[in-house]
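Structure below is work-v9.cif: mmCIF, C-alpha atoms.
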```
data_data
#
loop_
_atom_site.label_atom_id
_atom_site.label_comp_id
_atom_site.auth_asym_id
_atom_site.auth_seq_id
_atom_site.Cartn_x
_atom_site.Cartn_y
_atom_site.Cartn_z
CA MET A 1294 31.46 -5.33 -42.60
CA LYS A 1295 30.25 -8.06 -40.20
CA LYS A 1296 30.50 -5.63 -37.27
CA SER A 1297 28.49 -3.02 -39.18
CA ILE A 1298 25.75 -5.53 -40.01
CA LEU A 1299 25.69 -6.71 -36.40
CA PHE A 1300 25.40 -3.12 -35.17
CA ILE A 1301 22.54 -2.39 -37.58
CA LEU A 1302 20.71 -5.56 -36.51
CA THR A 1303 21.20 -4.64 -32.85
CA VAL A 1304 19.73 -1.18 -33.45
CA ILE A 1305 16.78 -2.65 -35.36
CA ILE A 1306 16.05 -5.19 -32.62
CA CYS A 1307 16.37 -2.49 -29.95
CA ASN A 1308 13.94 -0.23 -31.82
CA MET A 1309 11.49 -3.11 -32.31
CA THR A 1310 11.69 -3.96 -28.60
CA GLN A 1311 11.01 -0.36 -27.63
CA ALA A 1312 8.15 -0.15 -30.10
CA ALA A 1313 6.56 -3.21 -28.48
CA ASN A 1314 6.85 -1.80 -24.97
CA PRO A 1315 3.54 -0.10 -24.05
CA PHE A 1316 5.29 2.30 -21.64
CA PHE A 1317 7.14 3.93 -24.55
CA GLN A 1318 3.93 4.70 -26.43
CA THR A 1319 0.99 7.00 -25.91
CA TYR A 1320 -1.68 4.80 -24.41
CA LYS A 1321 -4.46 4.23 -26.94
CA THR A 1322 -7.03 3.47 -24.28
CA PRO A 1323 -9.98 5.40 -22.85
CA TYR A 1324 -8.54 8.39 -20.97
CA GLN A 1325 -5.05 6.97 -21.60
CA THR A 1326 -5.46 4.49 -18.78
CA PRO A 1327 -2.73 1.82 -18.48
CA PRO A 1328 -3.15 -0.92 -21.12
CA PHE A 1329 -2.97 -3.76 -18.60
CA ASP A 1330 -3.92 -6.23 -21.33
CA LYS A 1331 -0.72 -5.38 -23.23
CA ILE A 1332 1.76 -4.80 -20.39
CA GLN A 1333 3.94 -7.85 -19.78
CA THR A 1334 6.28 -8.49 -16.87
CA GLY A 1335 9.26 -8.25 -19.20
CA HIS A 1336 8.38 -4.65 -20.09
CA TYR A 1337 9.10 -3.21 -16.64
CA GLU A 1338 12.87 -3.33 -16.32
CA PRO A 1339 13.65 -1.85 -19.78
CA ALA A 1340 11.07 0.86 -19.06
CA PHE A 1341 12.60 1.65 -15.67
CA GLU A 1342 16.09 1.81 -17.18
CA LYS A 1343 15.01 4.22 -19.91
CA ALA A 1344 12.91 6.28 -17.50
CA ILE A 1345 15.81 6.73 -15.10
CA LYS A 1346 18.10 7.86 -17.94
CA GLU A 1347 15.49 10.33 -19.22
CA HIS A 1348 14.86 11.73 -15.76
CA THR A 1349 18.59 12.09 -15.13
CA ALA A 1350 18.96 14.05 -18.38
CA GLU A 1351 16.05 16.32 -17.41
CA ILE A 1352 17.58 17.01 -13.98
CA ASP A 1353 20.99 17.66 -15.56
CA LYS A 1354 19.38 20.21 -17.87
CA ILE A 1355 17.88 22.04 -14.86
CA THR A 1356 21.14 21.89 -12.92
CA GLU A 1357 23.27 23.16 -15.79
CA ASN A 1358 20.92 26.00 -16.69
CA LYS A 1359 22.99 29.20 -16.70
CA ALA A 1360 19.96 31.40 -16.14
CA VAL A 1361 19.18 32.79 -12.70
CA PRO A 1362 17.07 30.26 -10.76
CA THR A 1363 13.35 31.02 -10.91
CA PHE A 1364 10.21 29.23 -9.85
CA GLN A 1365 9.54 28.26 -13.47
CA ASN A 1366 13.02 27.07 -14.55
CA THR A 1367 13.78 25.24 -11.31
CA ILE A 1368 10.82 24.29 -9.06
CA GLU A 1369 8.26 23.84 -11.81
CA ALA A 1370 10.85 22.14 -14.03
CA ILE A 1371 11.64 19.62 -11.28
CA GLU A 1372 7.93 18.99 -10.76
CA ARG A 1373 7.39 18.34 -14.47
CA SER A 1374 10.40 16.05 -14.84
CA GLY A 1375 10.34 12.26 -14.64
CA LYS A 1376 7.01 11.70 -16.39
CA LEU A 1377 8.07 8.34 -17.85
CA LEU A 1378 9.38 7.22 -14.48
CA ASP A 1379 6.08 8.19 -12.85
CA LYS A 1380 4.25 6.35 -15.63
CA VAL A 1381 6.14 3.10 -15.08
CA SER A 1382 6.34 3.32 -11.28
CA SER A 1383 2.62 3.97 -10.80
CA VAL A 1384 1.71 0.79 -12.66
CA PHE A 1385 4.49 -1.44 -11.33
CA PHE A 1386 4.24 -0.62 -7.63
CA ASN A 1387 0.45 -0.69 -7.58
CA LEU A 1388 0.48 -4.12 -9.18
CA LEU A 1389 3.30 -5.22 -6.87
CA SER A 1390 0.76 -4.76 -4.07
CA ALA A 1391 -2.38 -5.86 -5.89
CA GLU A 1392 -1.29 -8.49 -8.45
CA SER A 1393 2.14 -9.68 -7.42
CA ASN A 1394 4.04 -12.90 -8.10
CA ASP A 1395 7.56 -14.24 -7.66
CA GLU A 1396 8.78 -12.62 -10.87
CA MET A 1397 7.41 -9.20 -9.90
CA MET A 1398 9.04 -9.51 -6.48
CA SER A 1399 12.37 -10.40 -8.09
CA ILE A 1400 12.13 -7.36 -10.37
CA SER A 1401 11.37 -5.14 -7.39
CA GLN A 1402 14.47 -6.38 -5.58
CA ARG A 1403 16.59 -5.57 -8.62
CA ILE A 1404 15.02 -2.22 -9.43
CA GLN A 1405 14.56 -0.80 -5.91
CA PRO A 1406 18.30 -0.13 -5.31
CA LYS A 1407 18.49 1.65 -8.67
CA LEU A 1408 15.48 3.81 -7.84
CA THR A 1409 16.88 4.66 -4.41
CA GLU A 1410 20.23 5.60 -5.94
CA HIS A 1411 18.48 7.70 -8.57
CA GLY A 1412 16.44 9.51 -5.93
CA ASN A 1413 19.55 10.17 -3.87
CA ASN A 1414 21.39 11.46 -6.94
CA ILE A 1415 18.68 14.10 -7.28
CA LYS A 1416 18.10 15.08 -3.65
CA LEU A 1417 21.82 15.10 -2.79
CA ASN A 1418 22.80 17.08 -5.89
CA ALA A 1419 24.46 20.16 -4.38
CA LYS A 1420 24.11 22.33 -7.51
CA LEU A 1421 20.45 21.47 -7.90
CA PHE A 1422 19.70 22.13 -4.24
CA GLU A 1423 21.46 25.48 -4.47
CA ARG A 1424 19.03 26.49 -7.20
CA VAL A 1425 16.07 25.28 -5.12
CA LYS A 1426 17.35 27.13 -2.07
CA THR A 1427 17.86 30.33 -4.06
CA VAL A 1428 14.21 30.32 -5.12
CA TYR A 1429 13.04 29.32 -1.64
CA ASN A 1430 14.91 32.17 0.04
CA GLN A 1431 13.02 34.63 -2.17
CA LYS A 1432 9.62 32.98 -1.77
CA ASN A 1433 7.89 36.00 -0.22
CA ASN A 1434 8.94 38.29 -3.08
CA LEU A 1435 7.94 36.10 -6.02
CA GLY A 1436 4.19 36.78 -6.11
CA LEU A 1437 3.37 33.08 -5.98
CA ASN A 1438 -0.21 31.87 -5.60
CA THR A 1439 -1.21 29.37 -2.91
CA GLU A 1440 -0.56 26.29 -5.04
CA GLN A 1441 2.83 27.53 -6.21
CA MET A 1442 3.90 28.42 -2.67
CA ARG A 1443 2.86 24.97 -1.47
CA LEU A 1444 4.86 23.32 -4.25
CA LEU A 1445 7.93 25.44 -3.48
CA GLU A 1446 7.81 24.63 0.24
CA ASN A 1447 7.25 20.92 -0.38
CA THR A 1448 10.10 20.77 -2.87
CA TYR A 1449 12.53 22.53 -0.54
CA GLU A 1450 11.52 20.39 2.45
CA SER A 1451 11.80 17.18 0.43
CA PHE A 1452 15.43 18.03 -0.35
CA VAL A 1453 16.24 18.95 3.24
CA ASN A 1454 14.56 15.83 4.61
CA SER A 1455 16.52 13.74 2.14
CA GLY A 1456 19.89 14.97 3.35
CA ALA A 1457 20.59 17.94 1.05
CA ASN A 1458 22.04 20.00 3.92
CA LEU A 1459 24.42 17.27 5.11
CA SER A 1460 28.18 17.30 4.76
CA ASP A 1461 29.74 15.18 2.02
CA ASN A 1462 30.64 12.44 4.52
CA ASP A 1463 27.14 12.42 6.00
CA LYS A 1464 25.62 12.39 2.51
CA ALA A 1465 27.56 9.22 1.77
CA LYS A 1466 26.25 7.73 5.01
CA TYR A 1467 22.70 8.79 4.14
CA ARG A 1468 23.00 7.08 0.75
CA GLU A 1469 24.06 3.87 2.44
CA LEU A 1470 21.31 3.97 5.05
CA SER A 1471 18.48 4.96 2.71
CA SER A 1472 19.42 2.22 0.26
CA LYS A 1473 19.49 -0.31 3.09
CA LEU A 1474 16.13 0.88 4.44
CA SER A 1475 14.40 0.65 1.07
CA MET A 1476 15.44 -2.98 0.67
CA LEU A 1477 14.55 -3.88 4.26
CA THR A 1478 11.02 -2.49 3.99
CA LEU A 1479 10.52 -4.12 0.58
CA LYS A 1480 11.58 -7.50 1.96
CA PHE A 1481 9.37 -7.02 5.04
CA GLY A 1482 6.21 -6.53 2.97
CA GLN A 1483 7.00 -9.44 0.68
CA ASN A 1484 7.54 -11.73 3.65
CA VAL A 1485 4.12 -10.78 5.08
CA LEU A 1486 2.41 -11.63 1.79
CA LYS A 1487 4.29 -14.92 1.42
CA ALA A 1488 3.66 -15.94 5.03
CA THR A 1489 -0.05 -15.15 4.69
CA ASN A 1490 -0.27 -17.27 1.54
CA ALA A 1491 1.75 -20.12 3.06
CA TYR A 1492 -0.80 -20.97 5.74
CA GLU A 1493 -3.93 -22.99 5.13
CA LYS A 1494 -5.98 -25.29 7.35
CA VAL A 1495 -7.84 -28.15 5.70
CA LEU A 1496 -10.99 -29.07 7.65
CA THR A 1497 -13.51 -31.86 7.56
CA GLU A 1498 -17.28 -31.52 7.80
CA GLU A 1499 -17.11 -32.35 11.51
CA GLN A 1500 -14.81 -29.38 12.17
CA LEU A 1501 -17.26 -26.82 10.78
CA GLU A 1502 -19.56 -26.69 13.79
CA GLY A 1503 -21.00 -23.22 14.30
CA LEU A 1504 -20.09 -21.91 10.84
CA PRO A 1505 -23.02 -20.50 8.85
CA ALA A 1506 -23.72 -21.73 5.33
CA SER A 1507 -22.02 -18.76 3.66
CA VAL A 1508 -18.74 -19.40 5.50
CA ARG A 1509 -18.91 -23.13 4.75
CA GLU A 1510 -19.52 -22.44 1.07
CA ALA A 1511 -16.57 -20.06 0.94
CA ALA A 1512 -14.32 -22.65 2.64
CA ALA A 1513 -15.46 -25.34 0.20
CA ALA A 1514 -14.82 -23.04 -2.76
CA LYS A 1515 -11.36 -22.22 -1.45
CA ALA A 1516 -10.57 -25.93 -1.08
CA LYS A 1517 -11.70 -26.61 -4.64
CA GLN A 1518 -9.63 -23.69 -5.90
CA LYS A 1519 -6.53 -25.12 -4.18
CA GLY A 1520 -7.20 -28.71 -5.28
CA LYS A 1521 -7.96 -29.90 -1.74
CA THR A 1522 -10.63 -32.25 -0.44
CA GLY A 1523 -12.92 -30.83 2.23
CA TYR A 1524 -12.82 -27.22 3.40
CA VAL A 1525 -9.97 -24.70 3.62
CA VAL A 1526 -9.60 -21.68 5.88
CA ASP A 1527 -6.63 -19.35 5.69
CA LEU A 1528 -5.39 -16.00 6.98
CA THR A 1529 -7.14 -13.73 4.47
CA ALA A 1530 -9.73 -11.47 6.07
CA PRO A 1531 -12.90 -13.04 4.57
CA SER A 1532 -11.74 -16.46 5.81
CA TYR A 1533 -9.99 -15.68 9.09
CA GLY A 1534 -12.51 -13.16 10.49
CA PRO A 1535 -15.71 -15.21 10.07
CA PHE A 1536 -14.03 -18.38 11.34
CA LEU A 1537 -13.04 -16.74 14.64
CA LYS A 1538 -16.50 -15.23 14.92
CA TYR A 1539 -18.57 -18.37 14.33
CA SER A 1540 -16.51 -21.53 14.91
CA SER A 1541 -17.50 -23.30 18.14
CA ASP A 1542 -14.21 -25.26 18.13
CA ARG A 1543 -12.09 -23.30 20.58
CA ASN A 1544 -8.90 -25.19 19.77
CA LEU A 1545 -9.23 -24.37 16.08
CA ARG A 1546 -9.94 -20.73 16.85
CA GLU A 1547 -6.80 -20.61 18.96
CA GLU A 1548 -4.72 -22.29 16.24
CA LEU A 1549 -5.90 -19.88 13.58
CA PHE A 1550 -5.45 -16.87 15.85
CA LEU A 1551 -1.89 -17.85 16.74
CA ALA A 1552 -1.06 -18.54 13.09
CA TYR A 1553 -2.28 -15.05 12.16
CA SER A 1554 -0.65 -13.31 15.11
CA THR A 1555 2.74 -14.99 14.71
CA ARG A 1556 3.16 -14.56 10.96
CA CYS A 1557 6.78 -13.79 10.07
CA MET A 1558 8.03 -14.47 13.59
CA SER A 1559 10.00 -17.58 12.63
CA GLY A 1560 10.87 -19.82 9.72
CA GLU A 1561 11.46 -18.94 6.09
CA PHE A 1562 9.65 -15.60 6.23
CA ASP A 1563 10.91 -14.44 9.63
CA ASN A 1564 10.67 -10.64 9.93
CA THR A 1565 11.90 -10.25 13.51
CA GLY A 1566 15.47 -9.49 12.46
CA LEU A 1567 14.23 -7.17 9.74
CA ILE A 1568 12.14 -5.23 12.27
CA ASN A 1569 15.20 -4.58 14.41
CA GLU A 1570 17.19 -3.49 11.37
CA ILE A 1571 14.40 -1.22 10.11
CA VAL A 1572 13.98 0.44 13.53
CA ASN A 1573 17.72 0.99 13.97
CA THR A 1574 18.22 2.21 10.40
CA ARG A 1575 15.37 4.71 10.74
CA LEU A 1576 16.91 5.92 14.00
CA GLU A 1577 20.32 6.34 12.35
CA ILE A 1578 18.79 8.37 9.51
CA ALA A 1579 16.83 10.52 11.97
CA ASN A 1580 19.98 11.18 14.04
CA LEU A 1581 21.91 11.99 10.88
CA LEU A 1582 19.27 14.59 9.95
CA GLY A 1583 19.46 16.15 13.40
CA TYR A 1584 16.50 14.52 15.16
CA LYS A 1585 16.72 12.73 18.49
CA THR A 1586 14.28 9.99 17.47
CA TYR A 1587 12.49 8.76 14.36
CA ALA A 1588 9.24 9.94 15.94
CA ASP A 1589 10.61 13.49 16.13
CA GLN A 1590 11.40 13.32 12.43
CA VAL A 1591 8.06 12.02 11.15
CA LEU A 1592 5.74 13.88 13.55
CA ARG A 1593 7.03 17.41 13.04
CA LYS A 1594 4.48 18.12 10.27
CA ARG A 1595 1.64 16.10 11.75
CA MET A 1596 -1.14 16.98 14.17
CA ALA A 1597 0.58 15.44 17.20
CA LYS A 1598 3.79 17.44 16.51
CA ASN A 1599 5.92 15.17 18.72
CA SER A 1600 5.86 11.95 20.72
CA ASP A 1601 4.49 13.77 23.79
CA GLY A 1602 1.46 14.75 21.72
CA VAL A 1603 0.94 11.13 20.67
CA TYR A 1604 1.04 9.83 24.24
CA GLN A 1605 -1.22 12.64 25.43
CA LEU A 1606 -3.86 11.61 22.89
CA LEU A 1607 -3.46 7.92 23.71
CA ASN A 1608 -3.81 8.58 27.42
CA GLU A 1609 -6.92 10.69 26.84
CA LEU A 1610 -8.43 7.84 24.81
CA LEU A 1611 -7.45 5.33 27.50
CA ASN A 1612 -9.09 7.36 30.26
CA ALA A 1613 -12.22 7.91 28.18
CA TYR A 1614 -12.77 4.37 26.93
CA LYS A 1615 -11.24 2.04 29.51
CA PRO A 1616 -14.24 2.00 31.88
CA THR A 1617 -16.61 1.10 29.05
CA ALA A 1618 -14.18 -1.48 27.68
CA LEU A 1619 -13.87 -3.16 31.07
CA GLN A 1620 -17.65 -3.21 31.44
CA GLU A 1621 -18.00 -4.83 27.99
CA TYR A 1622 -15.33 -7.38 28.89
CA ARG A 1623 -17.10 -8.31 32.14
CA GLU A 1624 -20.38 -8.70 30.28
CA VAL A 1625 -18.89 -10.98 27.60
CA GLN A 1626 -16.93 -12.93 30.24
CA GLY A 1627 -20.10 -13.45 32.26
CA PHE A 1628 -22.04 -14.51 29.19
CA ALA A 1629 -19.35 -17.04 28.27
CA LEU A 1630 -19.46 -18.56 31.76
CA GLY A 1631 -23.23 -18.93 31.58
CA MET A 1632 -23.15 -20.31 28.05
CA GLU A 1633 -20.46 -22.93 28.66
CA LYS A 1634 -21.63 -23.88 32.19
CA LYS A 1635 -17.98 -24.16 33.24
CA ASN A 1636 -15.09 -21.94 34.25
CA ILE A 1637 -13.61 -20.21 31.24
CA ILE A 1638 -11.37 -17.17 30.90
CA ILE A 1639 -11.94 -15.16 27.75
CA MET A 1640 -8.87 -15.15 25.51
CA PRO A 1641 -8.23 -12.99 22.40
CA TYR A 1642 -9.36 -15.83 20.10
CA ASP A 1643 -12.65 -16.04 22.06
CA TRP A 1644 -13.70 -12.41 21.86
CA SER A 1645 -15.34 -12.36 18.42
CA TYR A 1646 -17.12 -15.65 19.08
CA TYR A 1647 -18.70 -14.82 22.44
CA SER A 1648 -19.41 -11.16 21.72
CA GLU A 1649 -21.29 -12.24 18.57
CA LYS A 1650 -23.27 -14.78 20.61
CA LEU A 1651 -24.04 -12.11 23.23
CA LYS A 1652 -25.23 -9.66 20.58
CA ASP A 1653 -27.51 -12.30 19.12
CA ALA A 1654 -28.90 -13.17 22.56
CA LYS A 1655 -29.53 -9.54 23.56
CA PHE A 1656 -30.80 -8.14 20.29
CA ASN A 1657 -31.70 -11.19 18.19
CA LEU A 1658 -29.27 -9.84 15.61
CA ASN A 1659 -26.24 -11.34 13.90
CA GLU A 1660 -24.30 -10.53 10.77
CA GLU A 1661 -25.77 -13.44 8.83
CA MET A 1662 -29.23 -11.88 9.21
CA VAL A 1663 -28.14 -8.63 7.58
CA ARG A 1664 -25.83 -10.25 5.01
CA PRO A 1665 -28.43 -10.14 2.17
CA TYR A 1666 -28.67 -6.38 2.61
CA PHE A 1667 -24.91 -5.98 2.23
CA GLU A 1668 -24.43 -8.04 -0.90
CA LEU A 1669 -21.56 -6.43 -2.84
CA GLU A 1670 -23.62 -4.93 -5.65
CA ASN A 1671 -26.02 -3.42 -3.10
CA VAL A 1672 -23.10 -1.90 -1.18
CA LYS A 1673 -21.60 -0.43 -4.36
CA ARG A 1674 -24.92 1.12 -5.32
CA GLY A 1675 -25.27 2.53 -1.82
CA VAL A 1676 -21.77 4.02 -1.71
CA PHE A 1677 -21.98 5.42 -5.22
CA GLY A 1678 -25.42 6.80 -4.49
CA LEU A 1679 -24.19 8.48 -1.32
CA ALA A 1680 -21.36 10.11 -3.27
CA THR A 1681 -23.91 11.35 -5.80
CA ASP A 1682 -26.16 12.76 -3.07
CA LEU A 1683 -23.30 14.47 -1.22
CA TYR A 1684 -21.10 15.69 -4.04
CA GLY A 1685 -23.07 15.27 -7.26
CA ILE A 1686 -20.48 12.89 -8.74
CA THR A 1687 -21.69 9.90 -10.73
CA PHE A 1688 -20.14 6.60 -11.79
CA ARG A 1689 -20.46 4.67 -15.03
CA LYS A 1690 -18.88 1.27 -15.59
CA ASN A 1691 -16.73 1.09 -18.71
CA THR A 1692 -15.80 -2.42 -19.85
CA LYS A 1693 -13.51 -1.02 -22.56
CA ILE A 1694 -11.01 0.19 -19.96
CA PRO A 1695 -8.38 -2.56 -19.49
CA VAL A 1696 -8.06 -4.03 -15.99
CA TYR A 1697 -5.27 -6.06 -14.38
CA ASN A 1698 -7.47 -8.88 -13.05
CA PRO A 1699 -10.89 -10.22 -14.13
CA GLU A 1700 -12.27 -9.34 -10.67
CA VAL A 1701 -11.43 -5.64 -11.17
CA GLU A 1702 -13.99 -3.21 -12.56
CA ALA A 1703 -13.33 0.24 -14.01
CA PHE A 1704 -15.73 3.15 -13.60
CA GLU A 1705 -15.74 6.57 -15.21
CA VAL A 1706 -16.34 9.30 -12.63
CA PHE A 1707 -18.17 12.51 -13.59
CA ASP A 1708 -18.84 15.74 -11.71
CA LYS A 1709 -22.29 17.20 -11.13
CA ASN A 1710 -22.15 18.94 -14.52
CA GLY A 1711 -21.24 15.76 -16.37
CA GLY A 1712 -17.56 16.64 -16.74
CA PHE A 1713 -15.07 13.78 -16.57
CA LEU A 1714 -13.10 13.60 -13.31
CA ALA A 1715 -11.27 10.29 -13.07
CA VAL A 1716 -11.27 6.54 -13.55
CA LEU A 1717 -12.00 4.45 -10.46
CA TYR A 1718 -10.79 0.84 -10.29
CA THR A 1719 -12.59 -1.35 -7.74
CA ASP A 1720 -10.85 -4.49 -6.48
CA PHE A 1721 -12.67 -6.09 -3.54
CA HIS A 1722 -11.43 -9.65 -3.09
CA PRO A 1723 -8.28 -11.16 -1.56
CA ARG A 1724 -5.98 -13.36 -3.65
CA ALA A 1725 -2.50 -14.80 -3.47
CA GLY A 1726 -0.83 -11.86 -5.20
CA LYS A 1727 -2.60 -9.11 -3.28
CA ARG A 1728 -1.44 -7.61 0.00
CA PRO A 1729 -4.04 -7.15 2.74
CA GLY A 1730 -4.64 -3.65 4.04
CA ALA A 1731 -6.32 -0.37 3.27
CA TRP A 1732 -6.36 0.67 -0.37
CA MET A 1733 -6.48 4.02 -2.08
#
```
Using structure tokens, write down the structure from this file.
Amino acid sequence: MKKSILFILTVIICNMTQAANPFFQTYKTPYQTPPFDKIQTGHYEPAFEKAIKEHTAEIDKITENKAVPTFQNTIEAIERSGKLLDKVSSVFFNLLSAESNDEMMSISQRIQPKLTEHGNNIKLNAKLFERVKTVYNQKNNLGLNTEQMRLLENTYESFVNSGANLSDNDKAKYRELSSKLSMLTLKFGQNVLKATNAYEKVLTEEQLEGLPASVREAAAAKAKQKGKTGYVVDLTAPSYGPFLKYSSDRNLREELFLAYSTRCMSGEFDNTGLINEIVNTRLEIANLLGYKTYADQVLRKRMAKNSDGVYQLLNELLNAYKPTALQEYREVQGFALGMEKKNIIIMPYDWSYYSEKLKDAKFNLNEEMVRPYFELENVKRGVFGLATDLYGITFRKNTKIPVYNPEVEAFEVFDKNGGFLAVLYTDFHPRAGKRPGAWM
């Protein structure tokens, strides 16, 4: 009797937990956007676990289908599978880059091996690949439209490039290497974020010579935010870039430049060993798949085609731009000599500073003069307006759409006829949990 009651209570608690997890519900938000205001860190792992089980069951159903493989019951079925996993992954991994913390990073280290294993279980499934290959071999006789043909080719190639054609022994090796690579690259990115956040330079008023008011104000605000007295500069782009451009203290410019350039090269967040492991693991996988180098593997579907194409383009660029670059260097070097009235050799940490001074001297123009014209709201209006002029699409801010950080704004996007297209999230500012880089 006690065991029965315990079992019933366990089921009830499990059902209540699932009911409270936003990923298991239909989002009741505008356009079914993620309910960031309701998603908690503790929701991710249970959602991933359930999503992997559901996706596995969907793949098993495709694999065990006794019917002759067709585009619909195999390729399209694979494409439509894993919706819950896509739902959870899209939120988690975007926030892992844009709104991360130690707990999120710990979850990623626990869940990444499971996701890699799950992906390998699909792509290395011999019965499933046989169905895919059967459809692929008949592709010219199936009457597929352009989109369907593209999906079929991409699906087939994704299996092949994930080791589906390997022997059983090589498949086991591929599993090992791909799992290792996924963890190495995850750790690499997390180290970069942590190393970037770990550095800060506290300055006094006397060390701000050359910095315009806007840069000083930003440094003061950053110091206040971090509970420091004075001014703080760090390695985020809005802090690092302007400091190198305007600071007249060459020693400080050098210190900041070296701190930025040597991130993850030693200490707690050292990535040098990881880089070697990543390079060698990628090479092993490429060799296993029949390619001489990793470059041969990744370039085969790209414009360059192979490494020779890459070097050809680079050499063409070098020949075209080197004379002008050398002329610009000589001009900045000469300007620096005249400005300092002493012998000085331009170093990398000097380039932004002296080239900005030269531009101001030649054209009476510097970025601080045009800053008012590029205030963020003005830039947004300009970019949105350009998109309207070129494509007819319009943007309307919607404050009812949940966002993952107070700095983020959500915009509805409409086509030229007023039809809804998408939701655009804008997220412009650096912060401790956000990786630097180019964003979608």
Within 8 Å of Pro1406 in chain A, counting only C-alpha atoms, which residues qualify if same-chain residues fewer than 4 places away don't, as a JSON list (two decimals) with C-alpha atoms, in the coordinates of the input?
```json
[["chain", "number", "residue", "atom", "x", "y", "z"],
["A", 1402, "GLN", "CA", 14.47, -6.38, -5.58],
["A", 1410, "GLU", "CA", 20.23, 5.60, -5.94],
["A", 1472, "SER", "CA", 19.42, 2.22, 0.26],
["A", 1475, "SER", "CA", 14.40, 0.65, 1.07],
["A", 1476, "MET", "CA", 15.44, -2.98, 0.67]]
```
Open item on the list: I'd like to see the residues matched by the PyMOL selection byres ((chain A and resi 1692) around 9) on this file, and ideally I'd get them as number ranges by chain.
Closed with: A: 1690-1691, 1693-1696, 1702-1704
TODO: Write out as a ChimeraX atom specification the residues lying within 10 Å of Asn1490 in chain A, counting only C-alpha atoms and excluding same-chain residues fewer than 6 positions away.
DONE: /A:1484,1527-1529,1724-1728
Task: Which residue of A:Thr1687, A:Gln1333, A:Asn1564, A:Thr1439 approaches Val1384 in chain A most closely, using all atoms listed in the file - done: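 That would be A:Gln1333, the residue with the smallest distance to Val1384 in chain A.
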Task: Chain and number of each residue from the PyMOL selection byres ((chain A and resi 1643) around 12), as number ranges by chain - done: A: 1534, 1536-1550, 1622, 1625-1626, 1628-1629, 1637-1642, 1644-1650
- [ ] Write out as a list in words which residues come within 12 Å of Phe1713 in chain A when counting all atoms listed in the file, dropping same-chain ones fewer than 5 positions away.
- [x]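 Counting only the stated atoms, we get Pro1323, Tyr1324, Ile1686, Thr1687, Phe1688, Arg1689, Phe1704, Glu1705, Val1706, Phe1707 and Asp1708 of chain A.
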Open item on the list: What's the separation between CA of Ala1552 in chain A and CA of Ala1506 in chain A, in Å to one decimal place?
Closed with: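 Interatomic distance here is 24.2 Å.
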Task: Spatial neighbours of range 1429-1434 of chain A, max dist 12 Å, only C-alpha atoms, sep filter under 4 positions, as a list in words - done: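 The residues satisfying every condition are Pro1362, Thr1363, Phe1364, Thr1367, Ile1368, Phe1422, Glu1423, Arg1424, Val1425, Asn1438, Thr1439, Gln1441, Met1442, Arg1443, Leu1444, Leu1445, Glu1446, Asn1447, Thr1448, Tyr1449, Glu1450, Phe1452 and Val1453 of chain A.
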- [ ] Taking the file above as input, evaluate the PyMOL selection byres ((chain A and resi 1386) around 12) and report the hits as a PyMOL selection string.
- [x] chain A and resi 1337+1341+1378-1385+1387-1393+1397-1398+1400-1402+1404-1405+1479+1727-1728
